[in-house]
file input_14.cif (mmCIF, C-alpha atoms)
data_model
#
loop_
_atom_site.label_atom_id
_atom_site.label_comp_id
_atom_site.auth_asym_id
_atom_site.auth_seq_id
_atom_site.Cartn_x
_atom_site.Cartn_y
_atom_site.Cartn_z
CA ALA A 1 -90.71 347.14 46.43
CA GLN A 2 -92.01 348.49 43.16
CA ARG A 3 -91.66 352.17 42.51
CA VAL A 4 -92.33 354.60 39.67
CA THR A 5 -90.42 357.86 39.52
CA GLN A 6 -91.23 360.86 37.37
CA PRO A 7 -88.55 363.42 38.19
CA GLU A 8 -90.16 366.40 36.48
CA LYS A 9 -93.22 367.98 38.07
CA LEU A 10 -93.56 370.54 35.28
CA LEU A 11 -92.36 370.58 31.71
CA SER A 12 -92.83 373.72 29.68
CA VAL A 13 -92.11 373.53 25.95
CA PHE A 14 -92.78 375.59 22.86
CA LYS A 15 -95.12 374.40 20.17
CA GLY A 16 -93.18 372.43 17.57
CA ALA A 17 -90.34 371.57 19.94
CA PRO A 18 -89.59 368.01 21.02
CA VAL A 19 -90.85 366.86 24.37
CA GLU A 20 -89.62 364.02 26.54
CA LEU A 21 -91.18 362.95 29.83
CA LYS A 22 -88.99 360.80 32.00
CA CYS A 23 -90.13 357.73 33.85
CA ASN A 24 -87.97 355.30 35.80
CA TYR A 25 -89.18 352.23 37.60
CA SER A 26 -88.08 349.53 39.99
CA TYR A 27 -89.75 346.15 39.89
CA SER A 28 -88.47 342.68 40.60
CA GLY A 29 -90.53 340.93 37.94
CA SER A 30 -91.21 341.54 34.28
CA PRO A 31 -92.73 345.03 34.14
CA GLU A 32 -95.87 346.13 32.37
CA LEU A 33 -95.72 349.87 31.87
CA PHE A 34 -98.24 352.43 30.76
CA TRP A 35 -98.65 356.13 30.20
CA TYR A 36 -101.94 357.69 31.27
CA VAL A 37 -102.97 361.25 30.45
CA GLN A 38 -105.43 363.66 32.04
CA TYR A 39 -106.46 366.61 29.89
CA SER A 40 -108.07 369.60 31.55
CA ARG A 41 -111.60 368.79 32.75
CA GLN A 42 -111.40 365.27 31.34
CA ARG A 43 -110.97 361.85 32.88
CA LEU A 44 -107.71 360.07 33.26
CA GLN A 45 -107.26 357.85 30.21
CA LEU A 46 -104.77 355.40 28.83
CA LEU A 47 -102.36 356.92 26.32
CA LEU A 48 -100.19 353.95 25.49
CA ARG A 49 -98.65 350.78 26.85
CA HIS A 50 -95.21 349.38 26.26
CA ILE A 51 -96.38 346.03 24.89
CA SER A 52 -98.21 347.56 21.94
CA ARG A 53 -95.16 349.53 20.73
CA GLU A 54 -97.50 351.87 18.91
CA SER A 55 -97.55 355.62 18.42
CA ILE A 56 -100.58 357.40 19.85
CA LYS A 57 -101.16 361.09 19.05
CA GLY A 58 -97.53 361.19 17.91
CA PHE A 59 -96.23 359.92 21.25
CA THR A 60 -93.97 356.89 21.60
CA ALA A 61 -92.40 355.23 24.59
CA ASP A 62 -89.71 352.59 24.65
CA LEU A 63 -89.09 350.26 27.54
CA ASN A 64 -85.40 350.14 28.39
CA LYS A 65 -84.91 347.32 30.87
CA GLY A 66 -81.21 348.04 31.26
CA GLU A 67 -81.87 351.60 32.41
CA THR A 68 -85.27 350.68 33.92
CA SER A 69 -86.86 353.54 32.05
CA PHE A 70 -89.99 354.14 30.02
CA HIS A 71 -89.66 357.69 28.74
CA LEU A 72 -92.45 359.27 26.71
CA LYS A 73 -91.44 361.24 23.62
CA LYS A 74 -92.98 363.34 20.92
CA PRO A 75 -90.90 365.04 18.22
CA PHE A 76 -93.15 368.09 17.73
CA ALA A 77 -95.31 369.23 20.64
CA GLN A 78 -98.76 370.64 19.97
CA GLU A 79 -100.86 372.93 22.19
CA GLU A 80 -103.40 370.14 22.65
CA ASP A 81 -100.67 368.06 24.32
CA SER A 82 -100.90 370.26 27.40
CA ALA A 83 -102.02 367.89 30.14
CA MET A 84 -100.94 365.90 33.17
CA TYR A 85 -99.10 362.72 32.30
CA TYR A 86 -98.71 359.73 34.61
CA CYS A 87 -96.39 356.80 34.17
CA ALA A 88 -97.77 353.60 35.70
CA LEU A 89 -96.51 350.11 36.39
CA ARG A 90 -98.81 347.13 36.72
CA ASP A 91 -97.94 344.26 39.02
CA SER A 92 -98.84 340.61 38.58
CA TRP A 93 -102.09 341.15 40.54
CA GLY A 94 -103.27 343.82 38.12
CA LYS A 95 -102.71 346.70 40.51
CA LEU A 96 -101.39 349.94 39.05
CA GLN A 97 -98.62 351.93 40.73
CA PHE A 98 -98.52 355.51 39.48
CA GLY A 99 -95.73 358.02 39.40
CA ALA A 100 -96.22 361.53 40.79
CA GLY A 101 -97.11 362.91 37.38
CA THR A 102 -95.65 365.51 35.04
CA GLN A 103 -97.61 368.59 34.03
CA VAL A 104 -96.86 369.51 30.42
CA VAL A 105 -97.53 373.04 29.21
CA VAL A 106 -97.11 373.74 25.51
CA THR A 107 -96.90 377.42 24.68
CA PRO A 108 -97.44 378.85 21.19
CA ASN B 1 -123.27 353.14 28.20
CA ALA B 2 -122.29 355.59 30.96
CA GLY B 3 -118.93 353.95 31.76
CA VAL B 4 -117.72 354.68 35.29
CA THR B 5 -119.83 357.11 37.28
CA GLN B 6 -119.06 358.70 40.63
CA THR B 7 -121.19 360.70 43.04
CA PRO B 8 -120.98 363.26 44.47
CA LYS B 9 -118.67 365.47 42.39
CA PHE B 10 -117.85 367.70 45.35
CA GLN B 11 -118.22 367.23 49.10
CA VAL B 12 -117.23 369.16 52.20
CA LEU B 13 -117.13 367.30 55.51
CA LYS B 14 -116.33 368.25 59.04
CA THR B 15 -113.71 366.28 60.94
CA GLY B 16 -115.25 363.16 62.41
CA GLN B 17 -118.15 362.91 59.98
CA SER B 18 -118.63 359.79 57.90
CA MET B 19 -119.77 359.47 54.32
CA THR B 20 -119.86 357.14 51.35
CA LEU B 21 -118.48 357.91 47.92
CA GLN B 22 -120.42 356.07 45.27
CA CYS B 23 -118.94 354.36 42.23
CA ALA B 24 -120.78 352.39 39.58
CA GLN B 25 -119.91 350.92 36.19
CA ASP B 26 -122.12 349.45 33.51
CA MET B 27 -119.47 347.59 31.53
CA ASN B 28 -119.67 344.32 33.48
CA HIS B 29 -116.10 344.80 34.67
CA GLU B 30 -114.77 342.43 37.30
CA TYR B 31 -111.95 344.62 38.58
CA MET B 32 -112.67 347.89 40.38
CA SER B 33 -110.44 350.15 42.41
CA TRP B 34 -110.30 353.40 44.35
CA TYR B 35 -107.44 355.89 44.18
CA ARG B 36 -106.73 359.18 45.81
CA GLN B 37 -104.89 361.91 43.93
CA ASP B 38 -102.76 364.35 45.87
CA PRO B 39 -100.40 367.01 44.47
CA GLY B 40 -96.87 365.70 44.09
CA MET B 41 -97.89 362.16 44.97
CA GLY B 42 -99.78 360.99 41.91
CA LEU B 43 -102.54 358.46 42.35
CA ARG B 44 -102.34 356.03 45.24
CA LEU B 45 -104.41 352.88 45.49
CA ILE B 46 -106.77 352.74 48.46
CA HIS B 47 -108.74 349.51 47.96
CA TYR B 48 -109.52 347.23 45.07
CA SER B 49 -111.84 344.38 44.18
CA VAL B 50 -111.36 341.52 41.73
CA GLY B 51 -115.03 340.56 41.75
CA ALA B 52 -118.26 340.68 43.73
CA GLY B 53 -117.63 339.75 47.34
CA ILE B 54 -113.84 340.08 47.06
CA THR B 55 -111.95 343.16 48.21
CA ASP B 56 -108.40 343.87 49.29
CA GLN B 57 -106.28 346.71 50.56
CA GLY B 58 -104.08 348.89 48.44
CA GLU B 59 -101.29 351.23 49.42
CA VAL B 60 -103.24 353.65 51.65
CA PRO B 61 -106.28 351.81 53.11
CA ASN B 62 -106.39 353.30 56.61
CA GLY B 63 -109.56 355.24 57.36
CA TYR B 64 -111.47 353.74 54.45
CA ASN B 65 -113.79 350.77 54.03
CA VAL B 66 -115.14 349.15 50.88
CA SER B 67 -117.58 346.43 49.95
CA ARG B 68 -118.56 344.83 46.66
CA SER B 69 -121.98 343.29 46.89
CA THR B 70 -122.65 343.57 43.14
CA THR B 71 -120.46 343.64 40.04
CA GLU B 72 -121.65 347.15 39.23
CA ASP B 73 -121.10 349.03 42.51
CA PHE B 74 -118.03 349.68 44.61
CA PRO B 75 -118.70 352.28 47.32
CA LEU B 76 -115.92 353.80 49.41
CA ARG B 77 -116.74 354.66 53.03
CA LEU B 78 -114.91 357.21 55.12
CA LEU B 79 -115.45 356.10 58.67
CA SER B 80 -114.41 359.26 60.54
CA ALA B 81 -113.16 361.97 58.20
CA ALA B 82 -109.85 363.68 58.90
CA PRO B 83 -108.25 366.70 57.19
CA SER B 84 -105.57 364.35 55.80
CA GLN B 85 -108.30 362.76 53.69
CA THR B 86 -108.83 365.97 51.75
CA SER B 87 -108.14 364.80 48.21
CA VAL B 88 -109.59 363.96 44.84
CA TYR B 89 -110.89 360.41 44.72
CA PHE B 90 -111.04 358.36 41.53
CA CYS B 91 -112.79 355.10 40.92
CA ALA B 92 -111.61 352.88 38.08
CA SER B 93 -112.63 349.59 36.53
CA SER B 94 -111.30 347.07 34.04
CA TYR B 95 -112.58 343.89 32.47
CA SER B 96 -110.28 341.76 34.61
CA THR B 97 -106.98 341.94 36.46
CA GLY B 98 -105.34 340.86 33.23
CA ALA B 99 -106.94 343.59 31.12
CA TYR B 100 -104.45 346.24 30.15
CA GLU B 101 -106.67 349.30 30.39
CA GLN B 102 -108.41 350.77 33.40
CA TYR B 103 -111.33 353.13 32.87
CA PHE B 104 -111.59 356.03 35.27
CA GLY B 105 -114.52 357.93 36.67
CA PRO B 106 -114.68 361.74 36.72
CA GLY B 107 -113.55 362.00 40.33
CA THR B 108 -114.92 363.30 43.62
CA ARG B 109 -113.27 366.33 45.21
CA LEU B 110 -113.47 365.98 48.98
CA THR B 111 -112.55 368.65 51.51
CA VAL B 112 -112.43 367.87 55.22
CA THR B 113 -112.37 370.88 57.54
#

call {"tool": "encode", "arguments": {"input": "input_14.cif", "output": "structure tokens"}}
result
Amino acid sequence: AQRVTQPEKLLSVFKGAPVELKCNYSYSGSPELFWYVQYSRQRLQLLLRHISRESIKGFTADLNKGETSFHLKKPFAQEEDSAMYYCALRDSWGKLQFGAGTQVVVTP
Amino acid sequence: NAGVTQTPKFQVLKTGQSMTLQCAQDMNHEYMSWYRQDPGMGLRLIHYSVGAGITDQGEVPNGYNVSRSTTEDFPLRLLSAAPSQTSVYFCASSYSTGAYEQYFGPGTRLTVT
């Protein structure tokens, strides 16, 4: 069965410090992985997907099939990065399986 | 272009009552879905639809019904509300099952007493 695990419920970092959100998955097929973000009082929205290999708002995420991980990283956290982050895996039917989420708090 | 809209924003129900959460999108998206968001559990898929007239169950379908009579609307019905259904409910849509991005509504916060 497919599963997405985000081991950290809360991540508190100082502004300017690096931040890494962990995501591990289990899936029998070829995974499609995403990071979604929910800022305070805003809708859940797509942050990035592994296929695009792009950097969005300074965040990057690399799919490591050997370690079945898709960690989200940013070298210098900003206060506006404070939000809830969800890792998600999409199956072949288009359904998304979300992790439990990680709340990021960036303090000045 | 309003995107995905949900009504109501807040609702309080008594145990045993029924109600319908409304979801609509104006982007001509084929794929629509309902999730519930609970602390420590992330978002869990309740029901989804790949087009008008086609619906299927997700991970936690018990106690909920859906229908998709038009492309635009995807209402979620609670048949007999229970306190365990206290949650925040999100509707989402995407162009197709193959589209990589789902667009989410603002959510409905439901409390069942």

call {"tool": "resolve_selection", "arguments": {"input": "input_14.cif", "expression": "the PyMOL selection byres ((chain A and resi 1-18) around 9)", "output": "mmCIF file with C-alpha atoms, in the frame of the given file"}}
result
data_model
loop_
_atom_site.group_PDB
_atom_site.id
_atom_site.type_symbol
_atom_site.label_atom_id
_atom_site.label_comp_id
_atom_site.auth_asym_id
_atom_site.auth_seq_id
_atom_site.Cartn_x
_atom_site.Cartn_y
_atom_site.Cartn_z
ATOM 1 C CA VAL A 19 -90.850 366.860 24.370
ATOM 2 C CA GLU A 20 -89.620 364.020 26.540
ATOM 3 C CA LEU A 21 -91.180 362.950 29.830
ATOM 4 C CA LYS A 22 -88.990 360.800 32.000
ATOM 5 C CA CYS A 23 -90.130 357.730 33.850
ATOM 6 C CA ASN A 24 -87.970 355.300 35.800
ATOM 7 C CA TYR A 25 -89.180 352.230 37.600
ATOM 8 C CA SER A 26 -88.080 349.530 39.990
ATOM 9 C CA TYR A 27 -89.750 346.150 39.890
ATOM 10 C CA SER A 28 -88.470 342.680 40.600
ATOM 11 C CA LYS A 73 -91.440 361.240 23.620
ATOM 12 C CA LYS A 74 -92.980 363.340 20.920
ATOM 13 C CA PRO A 75 -90.900 365.040 18.220
ATOM 14 C CA PHE A 76 -93.150 368.090 17.730
ATOM 15 C CA ALA A 77 -95.310 369.230 20.640
ATOM 16 C CA GLN A 78 -98.760 370.640 19.970
ATOM 17 C CA GLU A 79 -100.860 372.930 22.190
ATOM 18 C CA MET A 84 -100.940 365.900 33.170
ATOM 19 C CA TYR A 86 -98.710 359.730 34.610
ATOM 20 C CA CYS A 87 -96.390 356.800 34.170
ATOM 21 C CA ALA A 88 -97.770 353.600 35.700
ATOM 22 C CA LEU A 89 -96.510 350.110 36.390
ATOM 23 C CA ASP A 91 -97.940 344.260 39.020
ATOM 24 C CA GLN A 97 -98.620 351.930 40.730
ATOM 25 C CA PHE A 98 -98.520 355.510 39.480
ATOM 26 C CA GLY A 99 -95.730 358.020 39.400
ATOM 27 C CA ALA A 100 -96.220 361.530 40.790
ATOM 28 C CA GLY A 101 -97.110 362.910 37.380
ATOM 29 C CA THR A 102 -95.650 365.510 35.040
ATOM 30 C CA GLN A 103 -97.610 368.590 34.030
ATOM 31 C CA VAL A 104 -96.860 369.510 30.420
ATOM 32 C CA VAL A 105 -97.530 373.040 29.210
ATOM 33 C CA VAL A 106 -97.110 373.740 25.510
ATOM 34 C CA THR A 107 -96.900 377.420 24.680
ATOM 35 C CA PRO A 108 -97.440 378.850 21.190
ATOM 36 C CA GLY B 40 -96.870 365.700 44.090
#

call {"tool": "residues_around", "arguments": {"input": "input_14.cif", "residues": "Lys65 in chain A", "least_positions_apart": "2", "cutoff": "10 Å", "atoms": "only C-alpha atoms", "output": "PDB file with C-alpha atoms, in the frame of the given file"}}
result
ATOM      1  CA  ASN A  24     -87.970 355.300  35.800  1.00  0.00           C
ATOM      2  CA  TYR A  25     -89.180 352.230  37.600  1.00  0.00           C
ATOM      3  CA  SER A  26     -88.080 349.530  39.990  1.00  0.00           C
ATOM      4  CA  SER A  30     -91.210 341.540  34.280  1.00  0.00           C
ATOM      5  CA  PRO A  31     -92.730 345.030  34.140  1.00  0.00           C
ATOM      6  CA  ASP A  62     -89.710 352.590  24.650  1.00  0.00           C
ATOM      7  CA  LEU A  63     -89.090 350.260  27.540  1.00  0.00           C
ATOM      8  CA  GLU A  67     -81.870 351.600  32.410  1.00  0.00           C
ATOM      9  CA  THR A  68     -85.270 350.680  33.920  1.00  0.00           C
ATOM     10  CA  SER A  69     -86.860 353.540  32.050  1.00  0.00           C
ATOM     11  CA  PHE A  70     -89.990 354.140  30.020  1.00  0.00           C
TER      12      PHE A  70
END

call {"tool": "atom_distance", "arguments": {"input": "input_14.cif", "atom1": "CA of Leu48 in chain A", "atom2": "CA of Ala83 in chain A"}}
result
14.8 Å

call {"tool": "resolve_selection", "arguments": {"input": "input_14.cif", "expression": "the PyMOL selection byres ((chain B) within 6 of (chain A))", "output": "list in words"}}
result
Gly40, Met41, Gly42, Leu43, Thr97, Phe104 and Pro106 of chain B

call {"tool": "residues_around", "arguments": {"input": "input_14.cif", "residues": "range 9-11 of chain B", "least_positions_apart": "4", "cutoff": "9 Å", "atoms": "all atoms listed in the file", "output": "list of chain:residue names"}}
result
B:Pro106, B:Gly107, B:Thr108, B:Arg109, B:Leu110, B:Thr111, B:Val112

call {"tool": "write_last_selection", "arguments": {"input": "input_14.cif", "atoms": "C-alpha atoms", "output": "short mmCIF file (atom, residue, chain, number, x, y, z; two decimals), in the coordinates of the input"}}
result
data_model
loop_
_atom_site.label_atom_id
_atom_site.label_comp_id
_atom_site.auth_asym_id
_atom_site.auth_seq_id
_atom_site.Cartn_x
_atom_site.Cartn_y
_atom_site.Cartn_z
CA PRO B 106 -114.68 361.74 36.72
CA GLY B 107 -113.55 362.00 40.33
CA THR B 108 -114.92 363.30 43.62
CA ARG B 109 -113.27 366.33 45.21
CA LEU B 110 -113.47 365.98 48.98
CA THR B 111 -112.55 368.65 51.51
CA VAL B 112 -112.43 367.87 55.22
#

call {"tool": "residues_around", "arguments": {"input": "input_14.cif", "residues": "Leu79 in chain B", "least_positions_apart": "2", "cutoff": "9 Å", "atoms": "all atoms listed in the file", "output": "list in words"}}
result
Gly16, Gln17, Ser18, Met19, Thr20, Gly63, Tyr64, Asn65, Arg77 and Ala81 of chain B

call {"tool": "residues_around", "arguments": {"input": "input_14.cif", "residues": "Gly53 in chain B", "least_positions_apart": "2", "cutoff": "9 Å", "atoms": "only C-alpha atoms", "output": "compact mmCIF listing (two decimals) with C-alpha atoms, in the coordinates of the input"}}
result
# COMPACT_ATOMS: atom_id res chain seq x y z
CA SER B 49 -111.84 344.38 44.18
CA VAL B 50 -111.36 341.52 41.73
CA GLY B 51 -115.03 340.56 41.75
CA THR B 55 -111.95 343.16 48.21
CA SER B 67 -117.58 346.43 49.95
CA ARG B 68 -118.56 344.83 46.66
CA SER B 69 -121.98 343.29 46.89
CA THR B 70 -122.65 343.57 43.14
CA THR B 71 -120.46 343.64 40.04

call {"tool": "resolve_selection", "arguments": {"input": "input_14.cif", "expression": "the PyMOL selection byres ((chain B and resi 72) around 7)", "output": "PDB file with C-alpha atoms, in the frame of the given file"}}
result
ATOM      1  CA  ALA B  24    -120.780 352.390  39.580  1.00  0.00           C
ATOM      2  CA  GLN B  25    -119.910 350.920  36.190  1.00  0.00           C
ATOM      3  CA  ASP B  26    -122.120 349.450  33.510  1.00  0.00           C
ATOM      4  CA  ASN B  28    -119.670 344.320  33.480  1.00  0.00           C
ATOM      5  CA  THR B  70    -122.650 343.570  43.140  1.00  0.00           C
ATOM      6  CA  THR B  71    -120.460 343.640  40.040  1.00  0.00           C
ATOM      7  CA  ASP B  73    -121.100 349.030  42.510  1.00  0.00           C
ATOM      8  CA  PHE B  74    -118.030 349.680  44.610  1.00  0.00           C
TER       9      PHE B  74
END

call {"tool": "atom_distance", "arguments": {"input": "input_14.cif", "atom1": "CA of Thr113 in chain B", "atom2": "CA of Gly58 in chain B"}}
result
25.2 Å

call {"tool": "atom_distance", "arguments": {"input": "input_14.cif", "atom1": "CA of Leu72 in chain A", "atom2": "CA of Trp35 in chain A"}}
result
7.8 Å

call {"tool": "closest_residue", "arguments": {"input": "input_14.cif", "among": "A:Gln38, A:Gly66, A:Ser52, A:Thr60", "to": "Ser82 in chain A", "atoms": "all atoms listed in the file"}}
result
A:Gln38

call {"tool": "closest_residue", "arguments": {"input": "input_14.cif", "among": "B:Asn1, B:Ser84, B:Ser96, B:Gln57", "to": "Thr15 in chain B", "atoms": "all atoms listed in the file"}}
result
B:Ser84

call {"tool": "residues_around", "arguments": {"input": "input_14.cif", "residues": "Glu59 in chain B", "least_positions_apart": "4", "cutoff": "8 Å", "atoms": "all atoms listed in the file", "output": "VMD selection string"}}
result
chain B and resid 44 to 47

call {"tool": "build_atoms", "arguments": {"input": "input_14.cif", "residues": "range 20-31 of chain B", "atoms": "all heavy atoms", "output": "mmCIF file, in the frame of the given file"}}
result
data_model
loop_
_atom_site.group_PDB
_atom_site.id
_atom_site.type_symbol
_atom_site.label_atom_id
_atom_site.label_comp_id
_atom_site.auth_asym_id
_atom_site.auth_seq_id
_atom_site.Cartn_x
_atom_site.Cartn_y
_atom_site.Cartn_z
ATOM 1 N N THR B 20 -120.145 358.155 52.353
ATOM 2 C CA THR B 20 -119.860 357.140 51.350
ATOM 3 C C THR B 20 -119.753 357.781 49.988
ATOM 4 O O THR B 20 -120.639 358.535 49.572
ATOM 5 C CB THR B 20 -120.971 356.069 51.320
ATOM 6 O OG1 THR B 20 -121.042 355.432 52.596
ATOM 7 C CG2 THR B 20 -120.673 355.027 50.257
ATOM 8 N N LEU B 21 -118.659 357.506 49.313
ATOM 9 C CA LEU B 21 -118.480 357.910 47.920
ATOM 10 C C LEU B 21 -118.965 356.761 47.044
ATOM 11 O O LEU B 21 -118.551 355.614 47.229
ATOM 12 C CB LEU B 21 -117.012 358.194 47.613
ATOM 13 C CG LEU B 21 -116.437 359.552 48.001
ATOM 14 C CD1 LEU B 21 -116.505 359.778 49.500
ATOM 15 C CD2 LEU B 21 -114.999 359.672 47.532
ATOM 16 N N GLN B 22 -119.842 357.103 46.110
ATOM 17 C CA GLN B 22 -120.420 356.070 45.270
ATOM 18 C C GLN B 22 -119.648 355.918 43.961
ATOM 19 O O GLN B 22 -119.148 356.891 43.393
ATOM 20 C CB GLN B 22 -121.883 356.408 44.956
ATOM 21 C CG GLN B 22 -122.786 356.555 46.164
ATOM 22 C CD GLN B 22 -123.003 355.242 46.911
ATOM 23 O OE1 GLN B 22 -122.743 354.155 46.405
ATOM 24 N NE2 GLN B 22 -123.486 355.344 48.155
ATOM 25 N N CYS B 23 -119.553 354.675 43.522
ATOM 26 C CA CYS B 23 -118.940 354.360 42.230
ATOM 27 C C CYS B 23 -119.744 353.250 41.585
ATOM 28 O O CYS B 23 -120.053 352.246 42.242
ATOM 29 C CB CYS B 23 -117.495 353.935 42.396
ATOM 30 S SG CYS B 23 -116.733 353.363 40.850
ATOM 31 N N ALA B 24 -120.061 353.418 40.315
ATOM 32 C CA ALA B 24 -120.780 352.390 39.580
ATOM 33 C C ALA B 24 -120.239 352.308 38.161
ATOM 34 O O ALA B 24 -119.805 353.316 37.594
ATOM 35 C CB ALA B 24 -122.273 352.695 39.557
ATOM 36 N N GLN B 25 -120.290 351.103 37.602
ATOM 37 C CA GLN B 25 -119.910 350.920 36.190
ATOM 38 C C GLN B 25 -120.905 349.974 35.525
ATOM 39 O O GLN B 25 -121.425 349.063 36.173
ATOM 40 C CB GLN B 25 -118.461 350.409 36.078
ATOM 41 C CG GLN B 25 -118.124 349.191 36.894
ATOM 42 C CD GLN B 25 -118.384 347.867 36.223
ATOM 43 O OE1 GLN B 25 -118.651 347.779 35.025
ATOM 44 N NE2 GLN B 25 -118.328 346.796 37.009
ATOM 45 N N ASP B 26 -121.133 350.245 34.246
ATOM 46 C CA ASP B 26 -122.120 349.450 33.510
ATOM 47 C C ASP B 26 -121.483 348.650 32.387
ATOM 48 O O ASP B 26 -122.123 348.356 31.373
ATOM 49 C CB ASP B 26 -123.226 350.370 32.969
ATOM 50 C CG ASP B 26 -122.704 351.435 32.024
ATOM 51 O OD1 ASP B 26 -121.475 351.490 31.790
ATOM 52 O OD2 ASP B 26 -123.519 352.229 31.524
ATOM 53 N N MET B 27 -120.202 348.318 32.566
ATOM 54 C CA MET B 27 -119.470 347.590 31.530
ATOM 55 C C MET B 27 -119.229 346.131 31.900
ATOM 56 O O MET B 27 -118.476 345.439 31.222
ATOM 57 C CB MET B 27 -118.122 348.311 31.303
ATOM 58 C CG MET B 27 -118.301 349.744 30.801
ATOM 59 S SD MET B 27 -116.754 350.659 30.651
ATOM 60 C CE MET B 27 -116.437 351.090 32.366
ATOM 61 N N ASN B 28 -119.835 345.693 32.999
ATOM 62 C CA ASN B 28 -119.670 344.320 33.480
ATOM 63 C C ASN B 28 -118.199 344.000 33.785
ATOM 64 O O ASN B 28 -117.740 342.882 33.538
ATOM 65 C CB ASN B 28 -120.241 343.312 32.466
ATOM 66 C CG ASN B 28 -120.567 341.990 33.119
ATOM 67 O OD1 ASN B 28 -120.925 341.923 34.289
ATOM 68 N ND2 ASN B 28 -120.429 340.908 32.370
ATOM 69 N N HIS B 29 -117.508 344.990 34.325
ATOM 70 C CA HIS B 29 -116.100 344.800 34.670
ATOM 71 C C HIS B 29 -115.961 344.088 36.003
ATOM 72 O O HIS B 29 -116.656 344.399 36.964
ATOM 73 C CB HIS B 29 -115.374 346.142 34.720
ATOM 74 C CG HIS B 29 -115.083 346.706 33.373
ATOM 75 N ND1 HIS B 29 -114.541 347.976 33.201
ATOM 76 C CD2 HIS B 29 -115.226 346.191 32.131
ATOM 77 C CE1 HIS B 29 -114.370 348.195 31.913
ATOM 78 N NE2 HIS B 29 -114.779 347.121 31.251
ATOM 79 N N GLU B 30 -115.015 343.155 36.058
ATOM 80 C CA GLU B 30 -114.770 342.430 37.300
ATOM 81 C C GLU B 30 -113.916 343.229 38.269
ATOM 82 O O GLU B 30 -114.092 343.193 39.462
ATOM 83 C CB GLU B 30 -114.079 341.096 36.986
ATOM 84 C CG GLU B 30 -114.974 340.070 36.296
ATOM 85 C CD GLU B 30 -116.116 339.617 37.195
ATOM 86 O OE1 GLU B 30 -115.910 339.500 38.419
ATOM 87 O OE2 GLU B 30 -117.231 339.393 36.675
ATOM 88 N N TYR B 31 -112.927 343.939 37.750
ATOM 89 C CA TYR B 31 -111.950 344.620 38.580
ATOM 90 C C TYR B 31 -112.348 346.070 38.786
ATOM 91 O O TYR B 31 -112.638 346.785 37.825
ATOM 92 C CB TYR B 31 -110.571 344.541 37.906
ATOM 93 C CG TYR B 31 -109.438 345.117 38.717
ATOM 94 C CD1 TYR B 31 -108.740 344.334 39.624
ATOM 95 C CD2 TYR B 31 -109.053 346.444 38.560
ATOM 96 C CE1 TYR B 31 -107.689 344.857 40.366
ATOM 97 C CE2 TYR B 31 -108.022 346.982 39.290
ATOM 98 C CZ TYR B 31 -107.343 346.180 40.194
ATOM 99 O OH TYR B 31 -106.309 346.713 40.929
#
